[in-house]
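File shown here: start.pdb, holding PDB, C-alpha atoms and all ligand atoms.
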ATOM      1  CA  MET R  16       0.000   0.000   0.000
ATOM      2  CA  ARG R  17       2.868   2.338   0.857
ATOM      3  CA  LEU R  18       4.474   1.711  -2.539
ATOM      4  CA  ALA R  19       1.149   2.237  -4.307
ATOM      5  CA  ALA R  20       0.761   5.590  -2.531
ATOM      6  CA  LEU R  21       4.310   6.721  -3.398
ATOM      7  CA  LYS R  22       3.756   5.790  -7.041
ATOM      8  CA  ASP R  23       0.324   7.395  -7.241
ATOM      9  CA  ALA R  24       1.176  10.695  -5.524
ATOM     10  CA  PRO R  25       4.937  11.398  -5.717
ATOM     11  CA  TYR R  26       4.194  15.093  -5.034
ATOM     12  CA  ALA R  27       2.684  14.355  -1.637
ATOM     13  CA  PHE R  28       5.344  12.519   0.340
ATOM     14  CA  GLY R  29       8.813  13.178   1.730
ATOM     15  CA  SER R  30      10.063   9.858   0.368
ATOM     16  CA  THR R  31       9.940   8.256  -3.087
ATOM     17  CA  TRP R  32       8.922   4.968  -4.671
ATOM     18  CA  GLU R  33      12.466   4.556  -6.045
ATOM     19  CA  HIS R  34      13.896   4.982  -2.561
ATOM     20  CA  GLU R  35      11.602   2.442  -0.913
ATOM     21  CA  LYS R  36      10.878  -0.158  -3.609
ATOM     22  CA  ASN R  37      13.722  -2.456  -2.531
ATOM     23  CA  ARG R  38      13.187  -2.174   1.203
ATOM     24  CA  ALA R  39      13.922  -5.381   3.080
ATOM     25  CA  GLU R  40      11.145  -7.245   4.889
ATOM     26  CA  GLU R  41      12.592  -6.220   8.300
ATOM     27  CA  GLU R  42      12.410  -2.545   7.336
ATOM     28  CA  TRP R  43       8.749  -2.854   6.374
ATOM     29  CA  ARG R  44       8.008  -4.662   9.635
ATOM     30  CA  ALA R  45       9.879  -2.034  11.680
ATOM     31  CA  SER R  46       7.953   0.810  10.026
ATOM     32  CA  VAL R  47       4.650  -0.854  10.883
ATOM     33  CA  VAL R  48       5.406  -0.952  14.607
ATOM     34  CA  SER R  49       7.216   2.390  14.970
ATOM     35  CA  ARG R  50       3.961   4.363  14.464
ATOM     36  CA  THR R  51       0.213   3.791  14.790
ATOM     37  CA  ARG R  52      -1.043   2.979  11.309
ATOM     38  CA  PHE R  53      -4.608   3.137  10.041
ATOM     39  CA  VAL R  54      -5.904   1.384   6.957
ATOM     40  CA  ALA R  55      -9.316   2.285   5.539
ATOM     41  CA  GLU R  56     -11.218  -0.431   3.706
ATOM     42  CA  ALA R  57     -14.307  -0.247   1.490
ATOM     43  CA  ASP R  58     -16.013  -3.292  -0.010
ATOM     44  CA  GLY R  59     -13.081  -5.471   1.053
ATOM     45  CA  GLN R  60     -10.563  -3.312  -0.787
ATOM     46  CA  VAL R  61      -7.946  -0.925   0.540
ATOM     47  CA  ALA R  62      -9.277   2.642   0.436
ATOM     48  CA  GLY R  63      -6.546   4.612   2.212
ATOM     49  CA  MET R  64      -4.092   4.955   5.052
ATOM     50  CA  ALA R  65      -2.630   7.348   7.633
ATOM     51  CA  SER R  66      -0.100   7.155  10.437
ATOM     52  CA  VAL R  67       0.374   8.856  13.803
ATOM     53  CA  GLY R  68       3.528   8.925  15.919
ATOM     54  CA  GLU R  69       5.707  11.119  18.102
ATOM     55  CA  ALA R  70       6.972  14.285  16.410
ATOM     56  CA  GLY R  71       9.992  14.951  18.599
ATOM     57  CA  ASP R  72       8.745  15.192  22.144
ATOM     58  CA  ALA R  73       6.112  13.348  24.157
ATOM     59  CA  HIS R  74       3.594  16.225  23.850
ATOM     60  CA  THR R  75       3.572  16.529  20.083
ATOM     61  CA  GLY R  76       2.318  14.032  17.538
ATOM     62  CA  SER R  77       2.867  13.911  13.793
ATOM     63  CA  LEU R  78       0.392  12.801  11.147
ATOM     64  CA  THR R  79       2.047  11.293   8.064
ATOM     65  CA  SER R  80       1.450   8.896   5.142
ATOM     66  CA  PHE R  81      -2.006  10.352   4.522
ATOM     67  CA  TRP R  82      -3.349   8.825   1.316
ATOM     68  CA  VAL R  83      -6.714   7.846  -0.154
ATOM     69  CA  HIS R  84      -6.786   5.405  -3.075
ATOM     70  CA  PRO R  85      -7.854   7.185  -6.302
ATOM     71  CA  ARG R  86     -10.951   4.945  -6.628
ATOM     72  CA  ALA R  87     -12.109   6.021  -3.150
ATOM     73  CA  ARG R  88     -11.530   9.798  -3.324
ATOM     74  CA  GLY R  89     -14.222  12.379  -2.752
ATOM     75  CA  LYS R  90     -16.289  10.021  -0.577
ATOM     76  CA  GLY R  91     -15.227  11.013   2.929
ATOM     77  CA  VAL R  92     -12.535   8.352   3.409
ATOM     78  CA  GLY R  93     -10.042  11.119   4.222
ATOM     79  CA  ASP R  94     -12.419  12.441   6.886
ATOM     80  CA  SER R  95     -12.676   8.985   8.471
ATOM     81  CA  LEU R  96      -8.907   8.553   8.486
ATOM     82  CA  MET R  97      -8.548  12.011  10.004
ATOM     83  CA  LEU R  98     -11.076  11.316  12.783
ATOM     84  CA  ALA R  99      -9.284   8.060  13.679
ATOM     85  CA  SER R 100      -5.894   9.783  13.612
ATOM     86  CA  VAL R 101      -6.984  12.667  15.846
ATOM     87  CA  GLU R 102      -8.629  10.274  18.294
ATOM     88  CA  SER R 103      -5.475   8.187  18.457
ATOM     89  CA  ALA R 104      -3.302  11.289  18.966
ATOM     90  CA  LYS R 105      -5.507  12.368  21.878
ATOM     91  CA  GLU R 106      -5.331   8.882  23.400
ATOM     92  CA  ALA R 107      -1.529   8.993  23.103
ATOM     93  CA  GLY R 108      -1.595  12.161  25.245
ATOM     94  CA  TYR R 109      -0.375  14.634  22.630
ATOM     95  CA  ASP R 110      -1.342  18.322  23.027
ATOM     96  CA  GLU R 111      -0.715  19.105  19.389
ATOM     97  CA  LEU R 112      -0.757  17.237  16.080
ATOM     98  CA  LEU R 113       1.559  18.401  13.280
ATOM     99  CA  LEU R 114       1.666  17.551   9.585
ATOM    100  CA  TRP R 115       3.369  18.787   6.408
ATOM    101  CA  VAL R 116       1.535  19.487   3.166
ATOM    102  CA  THR R 117       3.158  20.259  -0.190
ATOM    103  CA  GLU R 118       2.401  23.627  -1.811
ATOM    104  CA  ASN R 119      -0.532  23.456  -4.239
ATOM    105  CA  ASN R 120      -1.920  20.231  -2.743
ATOM    106  CA  VAL R 121      -5.229  22.050  -2.373
ATOM    107  CA  HIS R 122      -7.456  19.025  -1.775
ATOM    108  CA  ALA R 123      -5.291  17.844   1.103
ATOM    109  CA  GLU R 124      -4.928  21.309   2.631
ATOM    110  CA  ARG R 125      -8.686  21.928   2.445
ATOM    111  CA  LEU R 126      -9.351  18.630   4.190
ATOM    112  CA  TYR R 127      -6.870  19.510   6.935
ATOM    113  CA  GLU R 128      -8.371  22.997   7.368
ATOM    114  CA  ARG R 129     -11.844  21.476   7.588
ATOM    115  CA  HIS R 130     -10.598  19.492  10.594
ATOM    116  CA  GLY R 131      -9.161  22.582  12.276
ATOM    117  CA  PHE R 132      -5.512  22.490  11.174
ATOM    118  CA  GLN R 133      -3.814  25.844  10.598
ATOM    119  CA  ARG R 134      -0.504  26.707   8.978
ATOM    120  CA  THR R 135       2.197  27.371  11.592
ATOM    121  CA  GLY R 136       4.333  29.487   9.248
ATOM    122  CA  ALA R 137       7.102  26.874   9.095
ATOM    123  CA  THR R 138       8.158  25.716   5.635
ATOM    124  CA  GLN R 139      10.784  23.342   4.290
ATOM    125  CA  GLN R 140      11.922  21.760   1.056
ATOM    126  CA  VAL R 141       9.888  18.650   0.213
ATOM    127  CA  ARG R 142      13.133  16.677  -0.034
ATOM    128  CA  PRO R 143      16.763  17.253  -1.067
ATOM    129  CA  GLY R 144      16.958  17.966  -4.792
ATOM    130  CA  ASP R 145      13.298  19.005  -4.996
ATOM    131  CA  ASP R 146      12.721  22.771  -4.839
ATOM    132  CA  ARG R 147       9.046  22.615  -3.936
ATOM    133  CA  LEU R 148       8.060  23.757  -0.465
ATOM    134  CA  GLU R 149       5.896  22.052   2.087
ATOM    135  CA  PHE R 150       3.979  23.874   4.798
ATOM    136  CA  GLU R 151       3.639  22.741   8.384
ATOM    137  CA  MET R 152       0.099  22.641   9.792
ATOM    138  CA  SER R 153      -0.948  22.199  13.408
ATOM    139  CA  LEU R 154      -4.029  21.160  15.347
ATOM    140  CA  ARG R 155      -4.359  21.831  19.093
ATOM    141  CA  LEU R 156      -5.866  18.756  20.725
TER
HETATM  142  C1  LIG P   1      -5.923  14.562  -0.326
HETATM  143  C2  LIG P   1      -6.695  13.258  -0.158
HETATM  144  C3  LIG P   1      -6.145  12.516   1.050
HETATM  145  C4  LIG P   1      -8.176  13.592   0.061
HETATM  146  O1  LIG P   1      -8.889  12.398   0.362
HETATM  147  P1  LIG P   1     -10.470  12.262   0.082
HETATM  148  O2  LIG P   1     -10.992  11.157   0.912
HETATM  149  O3  LIG P   1     -10.707  12.231  -1.375
HETATM  150  O4  LIG P   1     -10.986  13.648   0.674
HETATM  151  P2  LIG P   1     -12.348  14.382   0.365
HETATM  152  O5  LIG P   1     -13.462  13.390   0.279
HETATM  153  O6  LIG P   1     -12.409  15.458   1.371
HETATM  154  O7  LIG P   1     -12.162  14.991  -1.095
HETATM  155  C5  LIG P   1     -11.117  15.917  -1.319
HETATM  156  C6  LIG P   1     -11.436  16.718  -2.554
HETATM  157  O8  LIG P   1     -11.311  15.904  -3.747
HETATM  158  C7  LIG P   1     -12.477  16.070  -4.545
HETATM  159  N1  LIG P   1     -12.781  14.844  -5.309
HETATM  160  C8  LIG P   1     -13.988  14.313  -5.492
HETATM  161  N2  LIG P   1     -13.890  13.215  -6.239
HETATM  162  C9  LIG P   1     -12.604  13.050  -6.531
HETATM  163  C10 LIG P   1     -11.895  12.084  -7.296
HETATM  164  N3  LIG P   1     -12.500  11.058  -7.867
HETATM  165  N4  LIG P   1     -10.556  12.198  -7.376
HETATM  166  C11 LIG P   1      -9.932  13.223  -6.797
HETATM  167  N5  LIG P   1     -10.555  14.173  -6.056
HETATM  168  C12 LIG P   1     -11.883  14.079  -5.929
HETATM  169  C13 LIG P   1     -13.532  16.364  -3.538
HETATM  170  O9  LIG P   1     -14.604  17.033  -4.152
HETATM  171  C14 LIG P   1     -12.828  17.268  -2.567
HETATM  172  O10 LIG P   1     -12.773  18.579  -3.079
HETATM  173  P3  LIG P   1     -12.525  19.862  -2.144
HETATM  174  O11 LIG P   1     -11.059  19.898  -1.835
HETATM  175  O12 LIG P   1     -12.954  20.974  -3.015
HETATM  176  O13 LIG P   1     -13.374  19.707  -0.918
HETATM  177  C15 LIG P   1      -6.572  12.371  -1.440
HETATM  178  O14 LIG P   1      -6.950  13.140  -2.563
HETATM  179  C16 LIG P   1      -5.174  11.811  -1.675
HETATM  180  O15 LIG P   1      -4.823  10.762  -1.148
HETATM  181  N6  LIG P   1      -4.350  12.514  -2.470
HETATM  182  C17 LIG P   1      -3.015  12.016  -2.818
HETATM  183  C18 LIG P   1      -2.095  11.890  -1.595
HETATM  184  C19 LIG P   1      -2.020  13.168  -0.806
HETATM  185  O16 LIG P   1      -1.999  14.260  -1.351
HETATM  186  N7  LIG P   1      -1.946  13.010   0.545
HETATM  187  C20 LIG P   1      -1.794  14.125   1.451
HETATM  188  C21 LIG P   1      -0.362  14.247   1.838
HETATM  189  S1  LIG P   1      -0.086  15.693   2.848
END
How does the structure come out when it is put into structure tokens?
Ligand SMILES: CC(C)(COP(=O)(O)OP(=O)(O)OC[C@H]1O[C@@H](n2cnc3c(N)ncnc32)[C@H](O)[C@@H]1OP(=O)(O)O)[C@@H](O)C(=O)NCCC(=O)NCCS
Amino acid sequence: MRLAALKDAPYAFGSTWEHEKNRAEEEWRASVVSRTRFVAEADGQVAGMASVGEAGDAHTGSLTSFWVHPRARGKGVGDSLMLASVESAKEAGYDELLLWVTENNVHAERLYERHGFQRTGATQQVRPGDDRLEFEMSLRL
């Protein structure tokens, strides 16, 4: 699913399909347990995913890997993933949930705003060698 997301939306993630396609089994297993991961399903098929984990200190969570399968877009799957992610971040005891969104990813940013996220003013390069910017957004929990 991760590889499908990287291939489908290379503009949306800090990593790339090329970088991850040859990951060893142990690396995949480690990434599954290092964060809380949500998978959305519809009619027995994968519809999307999201992950929540610590952002740097015990009070701040990060929301990453947010992706809805193209066949499932525009149907509220992103909202469901967001509700589960926020609930999980609250249960983990975080006061704040942070995420990064690439410039011009209007659908994603609108979804985040709808759930109360606001830009913090922080920006960074999407990844080395890629000049596009991504914006940090924050939700107080
Ligand atoms: C951004 C994303 C998560 C939104 O998920 P979603 O479940 O479709 O969210 P919504 O139902 O709120 O729809 C988002 C928008 O897409 C529009 N949309 C409707 N049908 C669509 C379709 N078939 N394909 C694409 N977008 C569609 C919706 O009308 C909505 O428009 P709005 O922004 O004007 O409100 C999803 O488009 C996605 O995975 N994109 C690629 C990966 C990505 O950008 N992830 C975010 C990383 S920060």
Problem set entry | Residue IDs satisfying the PyMOL selection byres (((chain R and resi 152) around 7) and not hetatm), as a ChimeraX atom specification | /R:113-115,132-135,150-151,153
Taking only C-alpha atoms and all ligand atoms into account, produce a table as a Markdown table in which each residue of chain R with an atom at most 6 Å from an atom of ligand LIG 1 (chain P) appears once, together with its shortest atom pair and the distance in Å to one decimal, ordered by chain and rising number.
| residue | atom | partner | partner_atom | distance |
| --- | --- | --- | --- | --- |
| R:Ala24 | CA | P:LIG1 | C17 | 5.2 |
| R:Ala27 | CA | P:LIG1 | C21 | 4.6 |
| R:Phe81 | CA | P:LIG1 | N7 | 4.8 |
| R:Trp82 | CA | P:LIG1 | O15 | 3.5 |
| R:Val83 | CA | P:LIG1 | O15 | 3.6 |
| R:Pro85 | CA | P:LIG1 | N4 | 5.8 |
| R:Arg88 | CA | P:LIG1 | O3 | 3.2 |
| R:Gly89 | CA | P:LIG1 | O5 | 3.3 |
| R:Lys90 | CA | P:LIG1 | O5 | 4.5 |
| R:Gly91 | CA | P:LIG1 | O5 | 4.0 |
| R:Val92 | CA | P:LIG1 | O2 | 4.1 |
| R:Gly93 | CA | P:LIG1 | O2 | 3.4 |
| R:Trp115 | CA | P:LIG1 | S1 | 5.8 |
| R:Val116 | CA | P:LIG1 | S1 | 4.1 |
| R:His122 | CA | P:LIG1 | O11 | 3.7 |
| R:Ala123 | CA | P:LIG1 | C1 | 3.6 |
| R:Arg125 | CA | P:LIG1 | O11 | 5.3 |
| R:Leu126 | CA | P:LIG1 | O6 | 5.2 |
Export, as a compact mmCIF listing (two decimals), in the coordinates of the input, the selected residues with C-alpha atoms.
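Okay, this is what ended up in out.txt:
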# COMPACT_ATOMS: atom_id res chain seq x y z
CA ALA R 24 1.18 10.70 -5.52
CA ALA R 27 2.68 14.36 -1.64
CA PHE R 81 -2.01 10.35 4.52
CA TRP R 82 -3.35 8.82 1.32
CA VAL R 83 -6.71 7.85 -0.15
CA PRO R 85 -7.85 7.18 -6.30
CA ARG R 88 -11.53 9.80 -3.32
CA GLY R 89 -14.22 12.38 -2.75
CA LYS R 90 -16.29 10.02 -0.58
CA GLY R 91 -15.23 11.01 2.93
CA VAL R 92 -12.54 8.35 3.41
CA GLY R 93 -10.04 11.12 4.22
CA TRP R 115 3.37 18.79 6.41
CA VAL R 116 1.54 19.49 3.17
CA HIS R 122 -7.46 19.02 -1.78
CA ALA R 123 -5.29 17.84 1.10
CA ARG R 125 -8.69 21.93 2.44
CA LEU R 126 -9.35 18.63 4.19
Check which residues satisfy the PyMOL selection byres (((chain R and resi 98) around 12) and not hetatm) in the file shown, then give them as a compact mmCIF listing (two decimals) with C-alpha atoms, in the coordinates of the input.
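Now in part38.txt:
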# COMPACT_ATOMS: atom_id res chain seq x y z
CA PHE R 53 -4.61 3.14 10.04
CA ALA R 55 -9.32 2.28 5.54
CA ALA R 65 -2.63 7.35 7.63
CA SER R 66 -0.10 7.16 10.44
CA VAL R 67 0.37 8.86 13.80
CA LEU R 78 0.39 12.80 11.15
CA GLY R 91 -15.23 11.01 2.93
CA VAL R 92 -12.54 8.35 3.41
CA GLY R 93 -10.04 11.12 4.22
CA ASP R 94 -12.42 12.44 6.89
CA SER R 95 -12.68 8.98 8.47
CA LEU R 96 -8.91 8.55 8.49
CA MET R 97 -8.55 12.01 10.00
CA ALA R 99 -9.28 8.06 13.68
CA SER R 100 -5.89 9.78 13.61
CA VAL R 101 -6.98 12.67 15.85
CA GLU R 102 -8.63 10.27 18.29
CA SER R 103 -5.48 8.19 18.46
CA ALA R 104 -3.30 11.29 18.97
CA LYS R 105 -5.51 12.37 21.88
CA LEU R 126 -9.35 18.63 4.19
CA TYR R 127 -6.87 19.51 6.94
CA ARG R 129 -11.84 21.48 7.59
CA HIS R 130 -10.60 19.49 10.59
CA GLY R 131 -9.16 22.58 12.28
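Counting only C-alpha atoms and comparing R:Ala137, R:Leu148, R:Leu112, R:Met16, the residue that lies closest to Glu56 in chain R is R:Met16.
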For this session: Evaluate the PyMOL selection byres (((chain R and resi 110) around 9) and not hetatm) here and jot the selected residues down as JSON, numbers by chain.
Result: {"R": [74, 75, 76, 104, 105, 108, 109, 111, 112, 154, 155, 156]}
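The spacing separating CA of Ala39 in chain R from CA of Arg52 in chain R amounts to 19.0 Å.
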Problem set entry | Within 8 Å of Phe28 in chain R using all atoms listed in the file, minus same-chain residues under 3 positions, as a PyMOL selection string | chain R and resi 21+24-25+31+80+141
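Closest approach to Lys22 in chain R among R:Glu106, R:Val47, R:Val61, R:His84 is made by R:His84 (distances from all atoms listed in the file).
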Can you sort out the box for range 42-52 of chain R, edges along x, y and z, all listed atoms in, 4 Å on every side, with centre and edge lengths in Å to one decimal, as lines of an AutoDock Vina configuration file?
center_x = 5.7
center_y = -0.1
center_z = 10.7
size_x = 21.5
size_y = 17.0
size_z = 16.6
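Minimum atom-to-atom distances from R:Glu124, R:His34, R:Glu149, R:Ser46 to Gly136 in chain R were compared using only C-alpha atoms, and the lowest value belongs to R:Glu149.
Minimum atom-to-atom distances from R:Asp23, R:Asp146, R:Glu35, R:Asp72 to Glu118 in chain R were compared using all atoms listed in the file, and the lowest value belongs to R:Asp146.
You will find CA of Gln139 in chain R at 9.4 Å from CA of Thr117 in chain R.
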Problem set entry | Which residue of R:Ser30, R:Trp43, R:Gln60, R:Ala87 approaches Gly144 in chain R most closely, using all atoms listed in the file | R:Ser30
Seminar exercise, completed: Computed gap from CA of Glu33 in chain R to CA of Leu18 in chain R is 9.2 Å
Exercise. Between R:Arg50, R:Arg147, R:Arg38, R:Arg17, which has the minimum distance to Gly63 in chain R (counting all atoms listed in the file)?
Worked result: R:Arg17
